[in-house]
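J.: One structure, pasted below without further comment.
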Amino acid sequence: MSRTPRISYVDPSTVGDPAMLAEFERCAREGTPRPESQAVRAHVPAVFWSFANSWRDVFHQGVADHSIKELCRLYVSRAVKCEFCGNQRSIKSSKAGMTEDATLDLINFESSKRYDERQKAALSYAEAITWDLPVDDAFWARLHRQFSEPELVEIGYFIALTMGQQRWLRTLDIEHHQVLVGQSGSMAPGFETPEALVHSKSSPDYWARKDATASTQAAE
């Protein structure tokens with residue numbers, strides 16, 4: 001847990017804005033986002049609030065099913081290997097019945113039996129946006145069969161937002177349990193405490209390690 005972020009954390013105890021401090025405390029309690037990423041964004045309050053408000057209005061609320069958006073968020077985490085984001089889970093999705101099984105085949109979602117056609121369509125949207133894949137009439141027909149146009153706008157915007165943020169966060173060397181320590185809001189199972197996080201990340205079954213090994217073997 002000794003990693004030093006490439007951009008320093010703003011210490012919440014130095015924040016004079018009661019609304020910002022309340023949002024920090026919500027992040028520690030409920031997560032998504034966790035307080036460490038917001039402690040970096042807090043260097044520029046407009047950035048802090050832009051992300052907080054977008055996450056509230058587009059991810060936690062909005063017109064599209066929240067768990068669909070959570071699946072897309074986790075797909076991006078696996079695709080770009082943002083460990084900070086990939087080790088979080090939405091409490092709202094968990095309460096709605098989403099289990100850890102939903103995270104197991106994200107990269108190979110098309111051939112998996114874990115996802116229904118609506119979920120696969122959303123994940124294909126995330127895949128195309130993340131990897132800048134070519135799309136055609138069949139691609140869009142598939143999406144329009146499953147989602148309304150407002151849903152497609154919201155899901156597409158959310159995927160683009162989370163992809164950009166995760167690509168940025170993975171460069172910062174930030175880690176969980178470094179800001180407002182002691183609360184485990186939205187942490188994935190096995191990552192709820194500093195000790196559990198270290199243990200889980202050292203396991204040969206750790207998702208980022210397995211994905212990296214698979215990529216190396218594929219290259220060979």
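Within each chain, counting starts at residue 1; across the structure tokens, chains are named A, B, ... in the order shown, with ligands numbered 1 upward in that order.
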Quick one: everything within 10 Å of Ala64 (chain A), counting only C-alpha atoms, minus sequence neighbours fewer than 5 positions away in the same chain. Send it as a compact mmCIF listing (two decimals) with N, CA and C atoms, in the first residue's frame.
T.:
```
# COMPACT_ATOMS: atom_id res chain seq x y z
N VAL A 58 -26.00 10.19 -14.69
CA VAL A 58 -25.93 9.31 -15.85
C VAL A 58 -25.73 7.85 -15.46
N PHE A 59 -24.94 7.61 -14.41
CA PHE A 59 -24.68 6.23 -14.00
C PHE A 59 -25.69 5.75 -12.97
N LYS A 69 -25.40 -0.55 -17.40
CA LYS A 69 -24.30 0.42 -17.39
C LYS A 69 -23.14 -0.09 -16.54
N PHE A 147 -32.70 -1.36 -27.38
CA PHE A 147 -32.72 -0.11 -26.61
C PHE A 147 -33.41 1.01 -27.37
N SER A 148 -34.01 1.90 -26.61
CA SER A 148 -34.57 3.11 -27.20
C SER A 148 -33.43 4.08 -27.54
N PRO A 150 -33.08 7.26 -26.50
CA PRO A 150 -32.55 7.88 -25.28
C PRO A 150 -31.61 6.94 -24.52
N GLU A 151 -31.95 5.65 -24.45
CA GLU A 151 -31.07 4.70 -23.78
C GLU A 151 -29.72 4.59 -24.50
N LEU A 152 -29.75 4.57 -25.82
CA LEU A 152 -28.51 4.47 -26.59
C LEU A 152 -27.64 5.70 -26.39
N VAL A 153 -28.26 6.86 -26.30
CA VAL A 153 -27.50 8.09 -26.02
C VAL A 153 -26.84 8.00 -24.66
N GLU A 154 -27.62 7.63 -23.65
CA GLU A 154 -27.08 7.59 -22.30
C GLU A 154 -25.99 6.52 -22.15
N ILE A 155 -26.24 5.32 -22.66
CA ILE A 155 -25.25 4.25 -22.54
C ILE A 155 -23.98 4.61 -23.30
```
J.: Set the distance at 6 Å and use only C-alpha atoms: which residues neighbour region 118-123 of chain A once local chain neighbours fewer than 2 positions away are removed? I'd like the list as a VMD selection string.
T.: chain A and resid 72 115 to 116 125 to 126 143 146
J.: Go ahead and compute the interatomic distance for CA of Gln178 (chain A) and CA of Pro12 (chain A), in Å to one decimal.
T.: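 Separation of CA of Gln178 (chain A) and CA of Pro12 (chain A): 11.6 Å.
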J.: Using only C-alpha atoms, which of A:Val80, A:Ala96, A:Ala196, A:Ala208 sits nearest Asp65 (chain A)?
T.: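 The shortest atom-to-atom distance to Asp65 (chain A) comes from A:Ala96.
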J.: From chain A, collect each residue whose DSSP state is helix (DSSP H, G or I) and return the set as a PyMOL selection string.
T.: chain A and resi 12-14+18-30+35-41+45-60+66-80+83-86+91-95+100-103+109-111+117-131+137-146+149-169+194-202+207-219
J.: Could you save those same residues with C-alpha atoms as a compact mmCIF listing (two decimals), in the first residue's frame?
T.:
```
# COMPACT_ATOMS: atom_id res chain seq x y z
CA PRO A 12 -10.36 16.04 2.55
CA SER A 13 -9.54 17.54 5.96
CA THR A 14 -8.27 20.65 4.14
CA PRO A 18 -19.17 21.57 3.07
CA ALA A 19 -20.81 20.19 -0.09
CA MET A 20 -17.50 18.87 -1.42
CA LEU A 21 -16.67 17.33 1.95
CA ALA A 22 -20.10 15.66 2.06
CA GLU A 23 -19.45 14.20 -1.41
CA PHE A 24 -16.07 12.87 -0.24
CA GLU A 25 -17.81 11.16 2.67
CA ARG A 26 -20.44 9.70 0.32
CA CYS A 27 -17.64 8.34 -1.88
CA ALA A 28 -16.05 6.59 1.10
CA ARG A 29 -19.40 5.20 2.24
CA GLU A 30 -20.98 4.28 -1.12
CA PRO A 35 -12.57 8.88 -2.64
CA GLU A 36 -9.06 8.43 -4.06
CA SER A 37 -10.00 9.32 -7.63
CA GLN A 38 -12.08 12.23 -6.41
CA ALA A 39 -9.17 13.38 -4.24
CA VAL A 40 -7.17 13.79 -7.45
CA ARG A 41 -10.00 15.57 -9.27
CA PRO A 45 -13.36 21.79 -8.06
CA ALA A 46 -15.08 22.13 -11.44
CA VAL A 47 -13.60 18.78 -12.48
CA PHE A 48 -14.58 17.22 -9.14
CA TRP A 49 -18.18 18.31 -9.55
CA SER A 50 -18.37 17.59 -13.26
CA PHE A 51 -17.52 13.95 -12.59
CA ALA A 52 -19.61 13.66 -9.41
CA ASN A 53 -22.68 15.10 -11.13
CA SER A 54 -22.25 13.01 -14.28
CA TRP A 55 -21.84 9.84 -12.23
CA ARG A 56 -24.97 10.65 -10.23
CA ASP A 57 -27.15 11.71 -13.16
CA VAL A 58 -25.93 9.31 -15.85
CA PHE A 59 -24.68 6.23 -14.00
CA HIS A 60 -26.68 5.97 -10.78
CA HIS A 66 -28.22 0.74 -14.10
CA SER A 67 -26.93 -2.84 -14.15
CA ILE A 68 -26.45 -2.66 -17.92
CA LYS A 69 -24.30 0.42 -17.39
CA GLU A 70 -22.39 -1.35 -14.62
CA LEU A 71 -21.62 -4.26 -16.96
CA CYS A 72 -20.30 -1.80 -19.54
CA ARG A 73 -18.19 -0.06 -16.89
CA LEU A 74 -16.66 -3.37 -15.85
CA TYR A 75 -16.05 -4.35 -19.48
CA VAL A 76 -14.02 -1.17 -19.91
CA SER A 77 -12.07 -1.95 -16.72
CA ARG A 78 -11.12 -5.38 -18.06
CA ALA A 79 -10.40 -4.08 -21.55
CA VAL A 80 -8.06 -1.23 -20.53
CA GLU A 83 -7.33 -2.06 -11.69
CA PHE A 84 -8.56 0.85 -9.58
CA CYS A 85 -11.93 0.82 -11.35
CA GLY A 86 -12.03 -2.92 -11.91
CA ILE A 91 -23.79 -1.33 -4.59
CA LYS A 92 -26.99 -0.53 -6.49
CA SER A 93 -26.34 -3.34 -8.99
CA SER A 94 -25.48 -5.78 -6.23
CA LYS A 95 -28.76 -5.00 -4.47
CA GLU A 100 -19.64 -11.74 -9.32
CA ASP A 101 -20.42 -14.33 -11.99
CA ALA A 102 -21.34 -11.42 -14.26
CA THR A 103 -17.69 -10.30 -14.31
CA PHE A 109 -19.06 -11.92 -23.82
CA GLU A 110 -20.30 -12.90 -27.29
CA SER A 111 -19.60 -16.60 -26.75
CA GLU A 117 -29.09 -10.67 -25.77
CA ARG A 118 -29.75 -7.24 -24.28
CA GLN A 119 -26.58 -7.41 -22.18
CA LYS A 120 -24.54 -8.67 -25.13
CA ALA A 121 -25.79 -5.84 -27.31
CA ALA A 122 -24.75 -3.28 -24.68
CA LEU A 123 -21.36 -4.94 -24.30
CA SER A 124 -20.87 -4.87 -28.07
CA TYR A 125 -21.49 -1.10 -27.85
CA ALA A 126 -18.85 -0.83 -25.13
CA GLU A 127 -16.45 -2.94 -27.19
CA ALA A 128 -16.89 -0.83 -30.31
CA ILE A 129 -16.40 2.45 -28.46
CA THR A 130 -13.45 1.22 -26.40
CA TRP A 131 -11.53 -0.25 -29.33
CA ASP A 137 -26.08 -1.40 -40.25
CA ALA A 138 -26.32 -4.81 -38.55
CA PHE A 139 -24.50 -3.47 -35.50
CA TRP A 140 -26.95 -0.59 -35.14
CA ALA A 141 -29.97 -2.74 -35.91
CA ARG A 142 -28.97 -5.00 -33.04
CA LEU A 143 -28.75 -2.04 -30.66
CA HIS A 144 -32.06 -0.55 -31.82
CA ARG A 145 -33.80 -3.87 -31.22
CA GLN A 146 -32.76 -3.79 -27.58
CA GLU A 149 -32.72 6.07 -28.66
CA PRO A 150 -32.55 7.88 -25.28
CA GLU A 151 -31.07 4.70 -23.78
CA LEU A 152 -28.51 4.47 -26.59
CA VAL A 153 -27.50 8.09 -26.02
CA GLU A 154 -27.08 7.59 -22.30
CA ILE A 155 -25.25 4.25 -22.54
CA GLY A 156 -22.94 5.54 -25.28
CA TYR A 157 -22.16 8.71 -23.38
CA PHE A 158 -21.52 6.75 -20.19
CA ILE A 159 -19.21 4.26 -21.93
CA ALA A 160 -17.22 7.10 -23.49
CA LEU A 161 -16.98 8.92 -20.17
CA THR A 162 -15.89 5.90 -18.16
CA MET A 163 -13.45 4.74 -20.86
CA GLY A 164 -11.68 8.10 -20.89
CA GLN A 165 -11.58 8.29 -17.11
CA GLN A 166 -10.29 4.74 -16.71
CA ARG A 167 -7.56 5.22 -19.30
CA TRP A 168 -6.50 8.30 -17.34
CA LEU A 169 -6.75 6.75 -13.86
CA PRO A 194 -6.03 -2.81 2.77
CA GLU A 195 -4.92 -6.27 3.86
CA ALA A 196 -7.54 -8.03 1.74
CA LEU A 197 -6.61 -5.91 -1.27
CA VAL A 198 -2.92 -6.85 -1.01
CA HIS A 199 -3.80 -10.53 -0.58
CA SER A 200 -6.20 -10.58 -3.53
CA LYS A 201 -3.81 -8.76 -5.86
CA SER A 202 -1.01 -11.19 -5.01
CA TRP A 207 -8.16 -10.93 -12.73
CA ALA A 208 -5.57 -8.44 -14.00
CA ARG A 209 -2.77 -11.00 -13.65
CA LYS A 210 -4.77 -13.67 -15.49
CA ASP A 211 -5.68 -11.28 -18.29
CA ALA A 212 -2.03 -10.26 -18.68
CA THR A 213 -0.92 -13.90 -18.80
CA ALA A 214 -3.56 -14.71 -21.40
CA SER A 215 -2.42 -11.77 -23.53
CA THR A 216 1.21 -12.89 -23.34
CA GLN A 217 0.35 -16.44 -24.31
CA ALA A 218 -1.74 -15.21 -27.21
CA ALA A 219 1.19 -13.10 -28.45
```
J.: Hey, which of A:Pro189, A:Thr171, A:Asp205, A:Pro5 ends up closest to Thr99 (chain A)? Count only C-alpha atoms.
T.: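 The shortest atom-to-atom distance to Thr99 (chain A) comes from A:Pro189.
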J.: Which distance in Å separates CA of Thr32 (chain A) and CA of Leu172 (chain A), to one decimal?
T.: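 Those two atoms sit 17.4 Å apart.
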J.: Mind giving me the straight-line distance from CA of Gln61 (chain A) to CA of Ser184 (chain A) in Å, one decimal?
T.: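 CA of Ser184 (chain A) lies 21.8 Å from CA of Gln61 (chain A).
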J.: Restricting the calculation to only C-alpha atoms, which member of A:Ile174, A:Gly16, A:Ser8, A:Val181 is positioned closest to His43 (chain A)?
T.: A:Ser8
